[in-house]
Amino acid sequence: MADTLDLFGQSGPEALSDGAVLMRGFAVSETDALITGIESVATQAPFRRLMTPGGKPMSAAMTNCGAAGWVSDRRGYRYEACDPQTGRPWPEMSDGFRDLAVEAARLAGFEDFTPDACLINLYEPGARMSLHQDRDETDLSQPIVSVSLGLEAVFLWGGMARTDPTQKIILRHGDVVVFGGASRLRFHGIAPLKPGRCPGIGARRYNLTFRRAI
DNA sequence: CAGTCCCC
DNA sequence: CTGA
C-alpha cells in the first residue's frame, strides 16, 4: 500500500504531534494550477515584505487571496478584507485552492474546514520565519493547512511555549501540513532557506497557508 | 495589560 | 511600540 503510493511521490498521512499531520507530496499533481494561481494573485495583489509591529521588514514576502488577508504593520497583526497597498479586496480564493485545502484537512481528520483566507508566502534563499503562533484567527477550532511548493525548507515544529524544543522537518515541493486541535497553537517557523533552484519555479519557495480567519 | 511572524 |  505505502509502496504503491510512494511510486507517485506520496505516502500516507504521518502524525507530527496530536492534531498535526504531514502528507508528503499531497499537492504535487496540482503544481501547475497552484503556480498559475499564485501568479494570478500576485498580478492583482503583489508580493510585499510586511513590517513587524517592531518596525522591521520580514524576510519573506507575502500576499493573500480570499475574503480576508493577513497583514502586519506597526499597529500589529490582523486580517483585512482589502489589500492596504491597493485598497481593493484581496483576489478571490479559487475553487481549486479551496478544494485542495478542504480535502487535505478532511484527510487529516478535520471534517468541516471552511477557509476564508489564504496567505501566500514567498521565500527566497536566506529568507526565514522565526518561531511564532498563528493566533489571529477567530475560530481556533479550525485547523491551518500549509502547502509547500518549490525549494525545500526546514520546518521548525515546536511546542506550546516559545522555548520548547523544536523538531526539524524537511518540507519539499508538494508536501502539505495540517495542524489543528491540540496542535493549533504550537509555535512553528522556517529556518533560513538554503540556496538552490527548482525546475519551473526557480530559486523560490512558496507556502500557501489556508485559514478560517473570521 | 499581552504580544513581540524581527535580527537575510 | 500598539490596541483591546
# chains A, B, ... in the order shown; residues from 1 in each chain; ligands from 1
>>> residues_around(residues="DT4 of chain B", least_positions_apart="2", cutoff="9 Å", atoms="only C-alpha atoms (C1' of nucleotides)", output="count of residues only")
4
>>> closest_atom_pairs(of="chain A", to="chain C", cutoff="12 Å", atoms="only C-alpha atoms (C1' of nucleotides)", output="tab-separated table")
residue	atom	partner	partner_atom	distance
A:Thr52	CA	C:DC1	C1'	10.7
A:Pro53	CA	C:DC1	C1'	7.2
A:Gly54	CA	C:DC1	C1'	6.5
A:Gly55	CA	C:DC1	C1'	8.6
A:Lys56	CA	C:DC1	C1'	11.9
A:Ser72	CA	C:DT2	C1'	11.8
A:Asp73	CA	C:DT2	C1'	9.9
A:Arg74	CA	C:DT2	C1'	7.1
A:Arg75	CA	C:DT2	C1'	5.0
A:Gly76	CA	C:DT2	C1'	6.6
A:Tyr77	CA	C:DT2	C1'	10.2
A:Arg78	CA	C:DG3	C1'	11.1
>>> write_last_selection(atoms="N, CA and C atoms", output="compact mmCIF listing (two decimals), in the first residue's frame")
# COMPACT_ATOMS: atom_id res chain seq x y z
N THR A 52 6.99 44.17 10.76
CA THR A 52 6.51 43.65 12.04
C THR A 52 6.08 44.85 12.89
N PRO A 53 5.33 44.59 13.97
CA PRO A 53 4.97 45.70 14.87
C PRO A 53 6.20 46.44 15.39
N GLY A 54 7.32 45.73 15.47
CA GLY A 54 8.56 46.36 15.92
C GLY A 54 9.20 47.25 14.86
N GLY A 55 8.66 47.23 13.63
CA GLY A 55 9.13 48.13 12.59
C GLY A 55 10.20 47.56 11.68
N LYS A 56 10.40 46.23 11.73
CA LYS A 56 11.40 45.62 10.86
C LYS A 56 10.72 44.82 9.76
N SER A 72 0.44 42.71 8.58
CA SER A 72 1.20 43.15 9.75
C SER A 72 1.76 44.52 9.47
N ASP A 73 1.71 45.38 10.47
CA ASP A 73 2.38 46.68 10.38
C ASP A 73 2.67 47.13 11.82
N ARG A 74 3.04 48.38 11.97
CA ARG A 74 3.43 48.87 13.29
C ARG A 74 2.30 48.75 14.31
N ARG A 75 1.07 48.68 13.82
CA ARG A 75 -0.08 48.61 14.74
C ARG A 75 -0.42 47.20 15.16
N GLY A 76 0.26 46.23 14.58
CA GLY A 76 0.00 44.84 14.99
C GLY A 76 -0.38 43.95 13.84
N TYR A 77 -0.85 42.76 14.17
CA TYR A 77 -1.28 41.77 13.18
C TYR A 77 -2.79 41.75 13.14
N ARG A 78 -3.34 41.52 11.98
CA ARG A 78 -4.79 41.41 11.85
C ARG A 78 -5.16 40.91 10.47
>>> select_by_dssp(residues="segment 47-191 of chain A", states="alpha helix (DSSP H)", output="ChimeraX atom specification")
/A:95-107
>>> write_last_selection(atoms="N, CA, C and O atoms", output="short mmCIF file (atom, residue, chain, number, x, y, z; two decimals), in the first residue's frame")
data_model
loop_
_atom_site.label_atom_id
_atom_site.label_comp_id
_atom_site.auth_asym_id
_atom_site.auth_seq_id
_atom_site.Cartn_x
_atom_site.Cartn_y
_atom_site.Cartn_z
N ASP A 95 -11.67 27.98 -6.51
CA ASP A 95 -12.21 26.69 -6.06
C ASP A 95 -11.11 25.64 -5.97
O ASP A 95 -11.12 24.79 -5.08
N GLY A 96 -10.16 25.70 -6.92
CA GLY A 96 -9.06 24.74 -6.89
C GLY A 96 -8.23 24.85 -5.61
O GLY A 96 -7.87 23.84 -5.00
N PHE A 97 -7.93 26.07 -5.21
CA PHE A 97 -7.19 26.29 -3.95
C PHE A 97 -8.02 25.76 -2.78
O PHE A 97 -7.53 24.99 -1.95
N ARG A 98 -9.27 26.19 -2.72
CA ARG A 98 -10.13 25.83 -1.59
C ARG A 98 -10.32 24.31 -1.50
O ARG A 98 -10.18 23.73 -0.43
N ASP A 99 -10.61 23.69 -2.64
CA ASP A 99 -10.87 22.24 -2.64
C ASP A 99 -9.65 21.46 -2.15
O ASP A 99 -9.79 20.48 -1.40
N LEU A 100 -8.48 21.87 -2.58
CA LEU A 100 -7.25 21.19 -2.13
C LEU A 100 -7.12 21.28 -0.61
O LEU A 100 -6.83 20.29 0.07
N ALA A 101 -7.35 22.47 -0.07
CA ALA A 101 -7.20 22.68 1.37
C ALA A 101 -8.24 21.91 2.17
O ALA A 101 -7.94 21.29 3.19
N VAL A 102 -9.48 21.93 1.68
CA VAL A 102 -10.56 21.24 2.39
C VAL A 102 -10.33 19.73 2.39
O VAL A 102 -10.53 19.05 3.40
N GLU A 103 -9.86 19.21 1.26
CA GLU A 103 -9.59 17.77 1.16
C GLU A 103 -8.42 17.36 2.06
O GLU A 103 -8.48 16.33 2.73
N ALA A 104 -7.37 18.18 2.08
CA ALA A 104 -6.23 17.87 2.96
C ALA A 104 -6.70 17.88 4.43
O ALA A 104 -6.33 16.99 5.20
N ALA A 105 -7.49 18.87 4.78
CA ALA A 105 -7.98 18.94 6.17
C ALA A 105 -8.83 17.72 6.50
O ALA A 105 -8.69 17.12 7.57
N ARG A 106 -9.68 17.33 5.56
CA ARG A 106 -10.55 16.18 5.78
C ARG A 106 -9.73 14.90 6.02
O ARG A 106 -9.99 14.14 6.95
N LEU A 107 -8.71 14.70 5.18
CA LEU A 107 -7.86 13.51 5.34
C LEU A 107 -7.09 13.54 6.66
O LEU A 107 -6.69 12.49 7.16
#
>>> closest_atom_pairs(of="chain A", to="chain B", cutoff="12 Å", atoms="only C-alpha atoms (C1' of nucleotides)", output="Markdown table")
| residue | atom | partner | partner_atom | distance |
| --- | --- | --- | --- | --- |
| A:Arg49 | CA | B:DC5 | C1' | 11.7 |
| A:Leu50 | CA | B:DC5 | C1' | 9.9 |
| A:Met51 | CA | B:DC6 | C1' | 8.8 |
| A:Thr52 | CA | B:DC6 | C1' | 6.7 |
| A:Pro53 | CA | B:DT4 | C1' | 7.5 |
| A:Gly54 | CA | B:DC6 | C1' | 7.0 |
| A:Gly55 | CA | B:DC6 | C1' | 8.0 |
| A:Lys56 | CA | B:DC6 | C1' | 5.6 |
| A:Pro57 | CA | B:DC6 | C1' | 7.2 |
| A:Met58 | CA | B:DC6 | C1' | 6.8 |
| A:Ser59 | CA | B:DC8 | C1' | 6.3 |
| A:Ala60 | CA | B:DC8 | C1' | 9.4 |
| A:Ala61 | CA | B:DC5 | C1' | 11.7 |
| A:Met62 | CA | B:DC5 | C1' | 11.4 |
| A:Trp70 | CA | B:DC5 | C1' | 10.8 |
| A:Val71 | CA | B:DC5 | C1' | 10.4 |
| A:Ser72 | CA | B:DC5 | C1' | 8.7 |
| A:Asp73 | CA | B:DC5 | C1' | 11.3 |
| A:Arg74 | CA | B:DT4 | C1' | 11.1 |
| A:Arg75 | CA | B:DG3 | C1' | 11.5 |
| A:Gly76 | CA | B:DG3 | C1' | 8.9 |
| A:Tyr77 | CA | B:DC5 | C1' | 9.0 |
| A:Arg78 | CA | B:DC5 | C1' | 11.7 |
| A:Asn121 | CA | B:DC5 | C1' | 11.2 |
| A:Tyr123 | CA | B:DC8 | C1' | 10.6 |
| A:Glu124 | CA | B:DC8 | C1' | 9.4 |
| A:Pro125 | CA | B:DC8 | C1' | 8.3 |
| A:Gly126 | CA | B:DC8 | C1' | 5.1 |
| A:Ala127 | CA | B:DC8 | C1' | 5.7 |
| A:Arg128 | CA | B:DC8 | C1' | 7.8 |
| A:Met129 | CA | B:DC5 | C1' | 6.3 |
| A:Ser130 | CA | B:DC5 | C1' | 6.4 |
| A:Leu131 | CA | B:DC5 | C1' | 7.1 |
| A:His132 | CA | B:DC5 | C1' | 5.5 |
| A:Gln133 | CA | B:DC5 | C1' | 7.6 |
| A:Asp134 | CA | B:DC5 | C1' | 8.3 |
| A:Arg135 | CA | B:DG3 | C1' | 10.4 |
| A:Asp136 | CA | B:DC5 | C1' | 11.0 |
| A:Arg162 | CA | B:DT4 | C1' | 11.5 |
| A:Phe187 | CA | B:DC5 | C1' | 10.2 |
| A:His188 | CA | B:DC5 | C1' | 9.4 |
| A:Gly189 | CA | B:DC5 | C1' | 8.1 |
| A:Ile190 | CA | B:DC5 | C1' | 10.2 |
| A:Ala191 | CA | B:DC8 | C1' | 11.2 |
| A:Pro192 | CA | B:DC8 | C1' | 8.0 |
| A:Leu193 | CA | B:DC8 | C1' | 9.6 |
| A:Lys194 | CA | B:DC8 | C1' | 11.3 |
>>> atom_distance(atom1="atom CA of Leu185 of chain A", atom2="atom CA of Asp83 of chain A")
26.0 Å
>>> residues_around(residues="Pro165 of chain A", least_positions_apart="2", cutoff="12 Å", atoms="only C-alpha atoms (C1' of nucleotides)", output="list of chain:residue names")
A:Leu131, A:Leu156, A:Trp157, A:Gly158, A:Gly159, A:Met160, A:Ala161, A:Arg162, A:Thr163, A:Gln167, A:Lys168, A:Arg186, A:Phe187, A:His188
>>> write_last_selection(atoms="C-alpha atoms", output="mmCIF file, in the first residue's frame")
data_model
loop_
_atom_site.group_PDB
_atom_site.id
_atom_site.type_symbol
_atom_site.label_atom_id
_atom_site.label_comp_id
_atom_site.auth_asym_id
_atom_site.auth_seq_id
_atom_site.Cartn_x
_atom_site.Cartn_y
_atom_site.Cartn_z
ATOM 1 C CA LEU A 131 9.091 30.867 15.737
ATOM 2 C CA LEU A 156 10.654 24.061 12.846
ATOM 3 C CA TRP A 157 7.880 22.369 14.785
ATOM 4 C CA GLY A 158 7.847 23.463 18.386
ATOM 5 C CA GLY A 159 5.585 23.191 21.392
ATOM 6 C CA MET A 160 3.150 25.378 23.264
ATOM 7 C CA ALA A 161 5.900 27.590 24.701
ATOM 8 C CA ARG A 162 8.377 29.511 22.602
ATOM 9 C CA THR A 163 11.265 27.945 24.475
ATOM 10 C CA GLN A 167 11.616 19.215 15.718
ATOM 11 C CA LYS A 168 13.179 19.901 12.310
ATOM 12 C CA ARG A 186 2.047 25.273 18.566
ATOM 13 C CA PHE A 187 4.998 27.501 17.822
ATOM 14 C CA HIS A 188 6.470 26.952 14.383
#
>>> select_by_dssp(residues="segment 10-214 of chain A", states="strand (DSSP E or B)", output="PyMOL selection string")
chain A and resi 14-17+20-23+48+51+57+61-66+69-73+76-80+82+89+117-123+129-132+144-150+153-157+167-171+176-179+188-190+198+202+205-211
>>> atom_distance(atom1="atom CA of Gly69 of chain A", atom2="atom CA of Arg24 of chain A")
26.6 Å
>>> residues_around(residues="Gly200 of chain A", least_positions_apart="3", cutoff="12 Å", atoms="only C-alpha atoms (C1' of nucleotides)", output="PyMOL selection string")
chain A and resi 31-32+35-36+149-151+173+197+203-205
>>> atom_distance(atom1="atom CA of Val154 of chain A", atom2="atom CA of Phe179 of chain A")
16.6 Å
